[in-house]
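Scroll down for the structure; my scribbles are underneath it.
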Amino acid sequence: MANPNSLPLHERFEHKNTLHKVMEFIILFLLLSLLVYRLLSFNNNGFTWLIAFLCELSFTFNWIITINNKWNIVEYKTYPDRLLQRVAEHELPPVDMFVTTADPELEPPIITINTVLSLLALDYPADKLACYVSDDGCSPLTFYSLVEASKFAKLWVPFCKKYDVQVRAPFRYFSNNNTMFSGNKSNEFKREWKTLKDEYEQLSRKVEDAVGKSIPFDLSGDFAVFSDIEGNNHPTIIKVVWENKVGASNGLPHLVYISREKRPKHPHHSKAGAMNVLTRVSGLMTNAPFMLNVDCDMLDDPFGNQMTVVWKYAGRGISGIQGPFYLGTGCVHRRKVIYGLSPNDVKMTNGKPELHKTFGNSKEFTKSADDALRGKTKYPDMLSKSMEAAHQVGDCGYEYDTNWGKKVGWMYGSRTEDVLTGLSIHKRGWRSIICSPDPPAFQGCAPTGGPASMTQQKRWATGLLEILLSKNCPIFHTIFANLKFRMFLAYFWLFSWALRSVPELCYAALPAYSIITNTHFLPKGQEPTYYIPIALFVLYHVYTLSEYLQTGLSIRAWWNNQRMGRIIPMSAWLFGVVGVILKLSGRSETVFEVTRKDQSTSTDEGTEAGTFTFDKSPIFVPPTTILLVHLTALATALFGLQPPAHDGLGSGPLEVVCSVWLVLCLWPFLKGLFGAGKYGIPLSTIFKSAGFTLLFYTLCTNMCPLWK
């Protein structure tokens with residue numbers, strides 16, 4: 001029998017994926033063949049040929065980077081059950097847990113407290129945990145919800161640990177009675193389960209009543225600090241909601257509410273600024289060597305935000321290079337790394353002036369940072385002893401003339417502060433890994449409507465492009481720092497999301513243009529190259545479908561994401577490009593937009609929650625225009641309104657198939673043309689799109705000889 005101390009705590013597995021690699025290289029060969037065909041026949045064709053060539057060149061380059069990302073798929077398997085066989089419970093390292101929220105309307109408090117309750121109930125010694133909640137909206141409603149949740153936690157946490165509950169978010173745990181009562185559960189469990197469910201329903205009603213303002217909200221006592229304040233103009237508010245004063249490992253972890261100071265004329269750097277305040281306050285109060293941050297806007301979404309397949313193949317493939325990107329949630333950091341330490345640094349510095357220049361003028365925090373960098377961790381006897389210094393490091397002017405947001409903490413300069421922070425860590429030579437327990441440790445609530453989903457995608461695309469076009473461009477870190485070249489390619493693949501909107505939109509317009517003008521941009525039937533685009537189309541979709549099926553997802557999930565793969569680039573990503581151009585030209589500033597989160601317990605991909613919704617945002621104009629353009633083109637061909645073909649080489653079946661395929665991909669918009677309410681495209685959007693369609697048709701018919 002193996003010695004428990006000799007067994008590994010984790011193992012690294014490499015997946016060959018030979019069949020996928022063969023398919024990837026066949027697709028690459030077909031793409032290169034199509035490019036060669038374009039070059040050899042360029043003299044016999046016109047401007048559309050050049051547009052097609054440039055778009056296909058972009059697609060080929062992106063595919064090469066995709067192969068790079070997936071080339072060495074690595075998976076890590078952890079064995080947490082072996083950990084306590086090696087170390088005693090009291091020897092486990094402390095962990096500080098961060099939860100961020102910014103708007104109680106867009107991020108309902110019931111979701112926030114479910115996140116907090118799931119963290120408080122983690123299967124880990126309570127005296128080693130501390131949960132910090134950042135409320136950037138400075139809402140008494142959020143604080144009230146946390147206070148009420150802490151009362152429920154005194155029942156919920158012991159229940160979870162007593163019965164080894166794995167689903168620790170109460171709203172999800174109590175959503176399925178049959179699952180909870182499956183197996184031989186004792187009568188005692190059933191009684192406690194029903195009691196806890198009743199208590200949670202009371203908690204939910206209290207929070208919902210407070211949201212609906214059906215109960216008086218008395219701003220006195222602990223709530224007095226919220227009187228006469230504005231969301232963007234208030235002092236630092238720090239409240240210890242619950243303190244584990246006796247240090248009991250089976251009690252409740254610390255729970256601290258933080259709303260950092262905000263003033264109208266001071267930059268607050270959105271979520272990155274909130275994370276840095278959390279880092280400093282926690283550094284004073286608990287100073288744990290590990291920090292876990294979670295939020296709820298990534299997973300389980302029918303509108304193209306579902307990252308399951310991306311993480312299984314691209315994410316684990318990048319793990320074989322230098323490690324996955326930091327994407328903002330469900331991530332554990334070493335505090336000393338966030339404080340700027342590099343792998344080769346034995347210690348950062350002993351010079352107090354240097355530390356003050358880096359971390360600010362708080363003597364208490366400078367000492368805690370020095371302890372963290374040296375690997376020393378010591379909890380204060382009482383959290384209240386750190387309160388005065390904690391208020392100081394939460395002030396909006398604390399970071400002036402320091403390295404916060406530049407060299408330490410969460411980085412400033414992009415709306416995707418998470419990815420930029422991860423890049424700053426990778427460039428120092430650190431590696432990251434994906435830890436994927438089964439079942440997943442955390443699952444969030446993503447936007448469930450078209451407008452919110454598009455807003456989120458636009459924010460991501462804008463923030464990523466900002467990084468690419470800044471001094472933080474990853475190529476500089478490959479040349480001058482420790483970012484590997486293949487890791488640079490991986491980051492470029494991510495940062496260029498928005499730029500892909502241009503070739504996507506242009507290529508989407510080519511089939512309609514060819515049909516309207518009776519020209520062609522794809523090979524004709526008599527040419528040997530005729531079957532290249534057909535083979536590309538079939539093989540690529542077989543390749544992507546196989547990824548979804550091997551991940552355990554359905555054909556419907558694959559089809560939803562294929563559609564969104566066409567819709568998002570020509571809408572959200574396109575507006576991301578426009579936003580960055582306006583910012584660089586000094587005409588506009590990008591603004592961090594919080595996306596609406598909705599609590600849902602349904603995982604059925606066919607539910608009403610998956611129906612696409614619309615609003616009057618101009619972001620829906622380009623896809624609606626493309627749809628109308630293709631419907632116009634198909635009608636032109638159907639009713640024989642095309643002009644005579646030049647040299648007998650008019651549009652063929654390939655152009656028609658492409659046009660029909662795009663209409664199918666834009667099916668939610670086709671339904672939206674006839675829908676009502678939020679399920680219908682607003683008339684203003686339809687009129688604008690119709691105007692652009694008429695303009696496109698006019699240009700096609702008038703410039704046909706030039707653009708043949």
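Just so we're on the same page: first chain in the structure tokens is A, next is B, and so on; residues restart at 1 for each chain, and ligands are numbered from 1 in the order they show up.
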For this session: Name the residues in contact with Arg428 (chain A) at a cut-off of 8 Å, using only C-alpha atoms, excluding same-chain residues fewer than 4 positions from it; report them as a PyMOL selection string.
Result: chain A and resi 342-343+424+481-483
Would you output that residue set with N, CA, C and O atoms, as a PDB file, in the first residue's frame?
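Listed below is the output, selection04.pdb:
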ATOM      1  N   SER A 342       8.237  38.720  -8.631  1.00  0.00           N
ATOM      2  CA  SER A 342       8.543  37.871  -9.780  1.00  0.00           C
ATOM      3  C   SER A 342       9.053  36.523  -9.298  1.00  0.00           C
ATOM      4  O   SER A 342       9.513  36.400  -8.157  1.00  0.00           O
ATOM      5  N   PRO A 343       9.002  35.481 -10.144  1.00  0.00           N
ATOM      6  CA  PRO A 343       9.424  34.142  -9.701  1.00  0.00           C
ATOM      7  C   PRO A 343      10.853  34.095  -9.194  1.00  0.00           C
ATOM      8  O   PRO A 343      11.162  33.320  -8.291  1.00  0.00           O
ATOM      9  N   SER A 424       0.076  41.116 -16.893  1.00  0.00           N
ATOM     10  CA  SER A 424       1.178  41.669 -16.106  1.00  0.00           C
ATOM     11  C   SER A 424       1.842  40.588 -15.250  1.00  0.00           C
ATOM     12  O   SER A 424       3.036  40.673 -14.948  1.00  0.00           O
ATOM     13  N   ALA A 481      10.302  41.358 -21.890  1.00  0.00           N
ATOM     14  CA  ALA A 481      10.025  40.724 -20.595  1.00  0.00           C
ATOM     15  C   ALA A 481      10.034  39.207 -20.769  1.00  0.00           C
ATOM     16  O   ALA A 481      10.755  38.681 -21.618  1.00  0.00           O
ATOM     17  N   ASN A 482       9.246  38.490 -19.992  1.00  0.00           N
ATOM     18  CA  ASN A 482       9.326  37.021 -19.937  1.00  0.00           C
ATOM     19  C   ASN A 482       8.074  36.332 -20.475  1.00  0.00           C
ATOM     20  O   ASN A 482       7.760  35.212 -20.066  1.00  0.00           O
ATOM     21  N   LEU A 483       7.350  36.992 -21.386  1.00  0.00           N
ATOM     22  CA  LEU A 483       6.184  36.365 -22.020  1.00  0.00           C
ATOM     23  C   LEU A 483       6.650  35.537 -23.212  1.00  0.00           C
ATOM     24  O   LEU A 483       7.327  36.055 -24.112  1.00  0.00           O
TER      25      LEU A 483
END
Problem set entry | Residue contacts of Ala169 (chain A) (10 Å, only C-alpha atoms) excluding same-chain residues fewer than 3 positions away, as a list in words |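 Using only C-alpha atoms, the neighbours found are Ile111, Ile113, Asn114, Thr115, Val116, Leu117, Ser118, Leu119, Ala121, Trp156, Val165, Gln166, Arg172, Tyr173, Phe174, Phe442 and Gln443 of chain A.
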Keeping only C-alpha atoms, write the selected residues to a file as a PDB file, in the first residue's frame.
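Listed below is the output, part-v5.pdb:
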ATOM      1  CA  ILE A 111     -27.564  36.879  -6.108  1.00  0.00           C
ATOM      2  CA  ILE A 113     -25.808  37.050  -0.824  1.00  0.00           C
ATOM      3  CA  ASN A 114     -26.094  33.600  -2.426  1.00  0.00           C
ATOM      4  CA  THR A 115     -22.520  34.020  -3.609  1.00  0.00           C
ATOM      5  CA  VAL A 116     -21.449  35.102  -0.124  1.00  0.00           C
ATOM      6  CA  LEU A 117     -23.301  32.249   1.579  1.00  0.00           C
ATOM      7  CA  SER A 118     -21.670  29.699  -0.725  1.00  0.00           C
ATOM      8  CA  LEU A 119     -18.243  31.132   0.198  1.00  0.00           C
ATOM      9  CA  ALA A 121     -19.921  27.480   3.715  1.00  0.00           C
ATOM     10  CA  TRP A 156     -26.687  27.373   6.828  1.00  0.00           C
ATOM     11  CA  VAL A 165     -23.612  19.679   1.140  1.00  0.00           C
ATOM     12  CA  GLN A 166     -21.895  20.220  -2.213  1.00  0.00           C
ATOM     13  CA  ARG A 172     -29.916  26.455  -6.211  1.00  0.00           C
ATOM     14  CA  TYR A 173     -29.810  23.909  -3.394  1.00  0.00           C
ATOM     15  CA  PHE A 174     -33.485  24.374  -2.527  1.00  0.00           C
ATOM     16  CA  PHE A 442     -18.461  28.011  -8.816  1.00  0.00           C
ATOM     17  CA  GLN A 443     -21.085  28.739 -11.444  1.00  0.00           C
TER      18      GLN A 443
END
For this session: List every residue of region 96-187 of chain A that DSSP, applied to the backbone, labels as helix (DSSP H, G or I), and write the result as a PyMOL selection string.
Result: chain A and resi 109-120+126-128+140-162+170-173+177-180+187
Exercise. Pick from A:His477, A:Arg415, A:Lys427, A:Arg566: nearest to Pro503 (chain A), with only C-alpha atoms counted?
Worked result: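 Among the listed residues, A:Arg566 lies closest to Pro503 (chain A).
Residues surrounding region 550-553 of chain A within 9 Å are Thr308, Val309 and Lys312 of chain A [only C-alpha atoms; sequence separation below 6 positions excluded].
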Exercise. Skipping near chain neighbours, those fewer than 6 positions away, what residues fall within 10 Å of region 614-618 of chain A using only C-alpha atoms, listed as a ChimeraX atom specification?
Worked result: /A:449-452,454-455,571-572,575,668-669,672,675-686,688-689
For this session: Would you mind reading off the distance between CA of Glu466 (chain A) and CA of His426 (chain A), one decimal, in Å?
Result: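 Interatomic distance, CA of Glu466 (chain A) to CA of His426 (chain A): 18.2 Å.
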Wanna dump the region 252-357 of chain A-region 51-75 of chain A contacts at 8 Å for me, each residue with its shortest atom pair and the distance in Å to one decimal, counting only C-alpha atoms, ordered by chain and number, as a tab-separated table?
residue	atom	partner	partner_atom	distance
A:Tyr313	CA	A:Lys70	CA	5.9
A:Ala314	CA	A:Lys70	CA	5.1
A:Gly315	CA	A:Asn69	CA	7.8
A:Arg316	CA	A:Ile73	CA	5.1
A:Gly317	CA	A:Ile73	CA	3.9
A:Ile318	CA	A:Asn69	CA	5.4
A:Ser319	CA	A:Val74	CA	5.9
A:Gly320	CA	A:Asn72	CA	5.3
A:Ile321	CA	A:Asn72	CA	7.6
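With only C-alpha atoms as the atoms that count, the minimum distance from Thr478 (chain A) to the choices A:Pro622, A:Pro108, A:Pro324, A:Gly429 is reached by A:Gly429.
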Problem set entry | Shell around Asn403 (chain A) at 7 Å using only C-alpha atoms, local window under 3 positions removed, as a PyMOL selection string | chain A and resi 358-359+406-408
For this session: Give me the residues within 12 Å of region 544-546 of chain A as number ranges by chain, counting only C-alpha atoms and dropping any in the same chain fewer than 5 places off.
Result: A: 17, 19-20, 23-24, 27, 309-310, 313, 537-539, 551-562, 565
Seminar exercise, completed: One residue among A:Leu670, A:Cys331, A:Ser33, A:Gln642 is nearest to Ala441 (chain A) when using only C-alpha atoms, and that residue is A:Cys331
For this session: Would you mind listing what lies within 9 Å of Asp135 (chain A) as a PyMOL selection string, with only C-alpha atoms counted and same-chain residues fewer than 4 positions away left out?
Result: chain A and resi 99-104+139+142-143+257-260+274
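Of the residues listed (A:Thr366, A:Asn232, A:Ser150, A:Thr693), A:Thr693 shows the shortest atom-to-atom separation from Ile626 (chain A); distances use only C-alpha atoms.
Atom to atom, CA of Lys376 (chain A) and CA of Val294 (chain A) stand 25.1 Å apart.
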For this session: Identify which of the residues A:Cys700, A:Cys435, A:Ala498, A:Leu373 lies closest to Leu355 (chain A), counting only C-alpha atoms when measuring atom-to-atom distances.
Result: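 Closest residue, counting only C-alpha atoms: A:Leu373.
Here the DSSP assignment of strand (DSSP E), based on backbone atoms, applies within region 71-168 of chain A to Ile73, Val74, Glu75, Tyr76, Lys77, Thr78, Val95, Asp96, Met97, Phe98, Val99, Thr100, Thr101, Leu129, Ala130, Cys131, Tyr132, Val133, Ser134 and Asp135 of chain A.
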For this session: Compare A:Ile110, A:Val660, A:Leu196, A:Leu584 by their minimum atom-to-atom distance to Val211 (chain A), counting only C-alpha atoms, and give me the closest one.
Result: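 For Val211 (chain A), the nearest of the given residues is A:Ile110.
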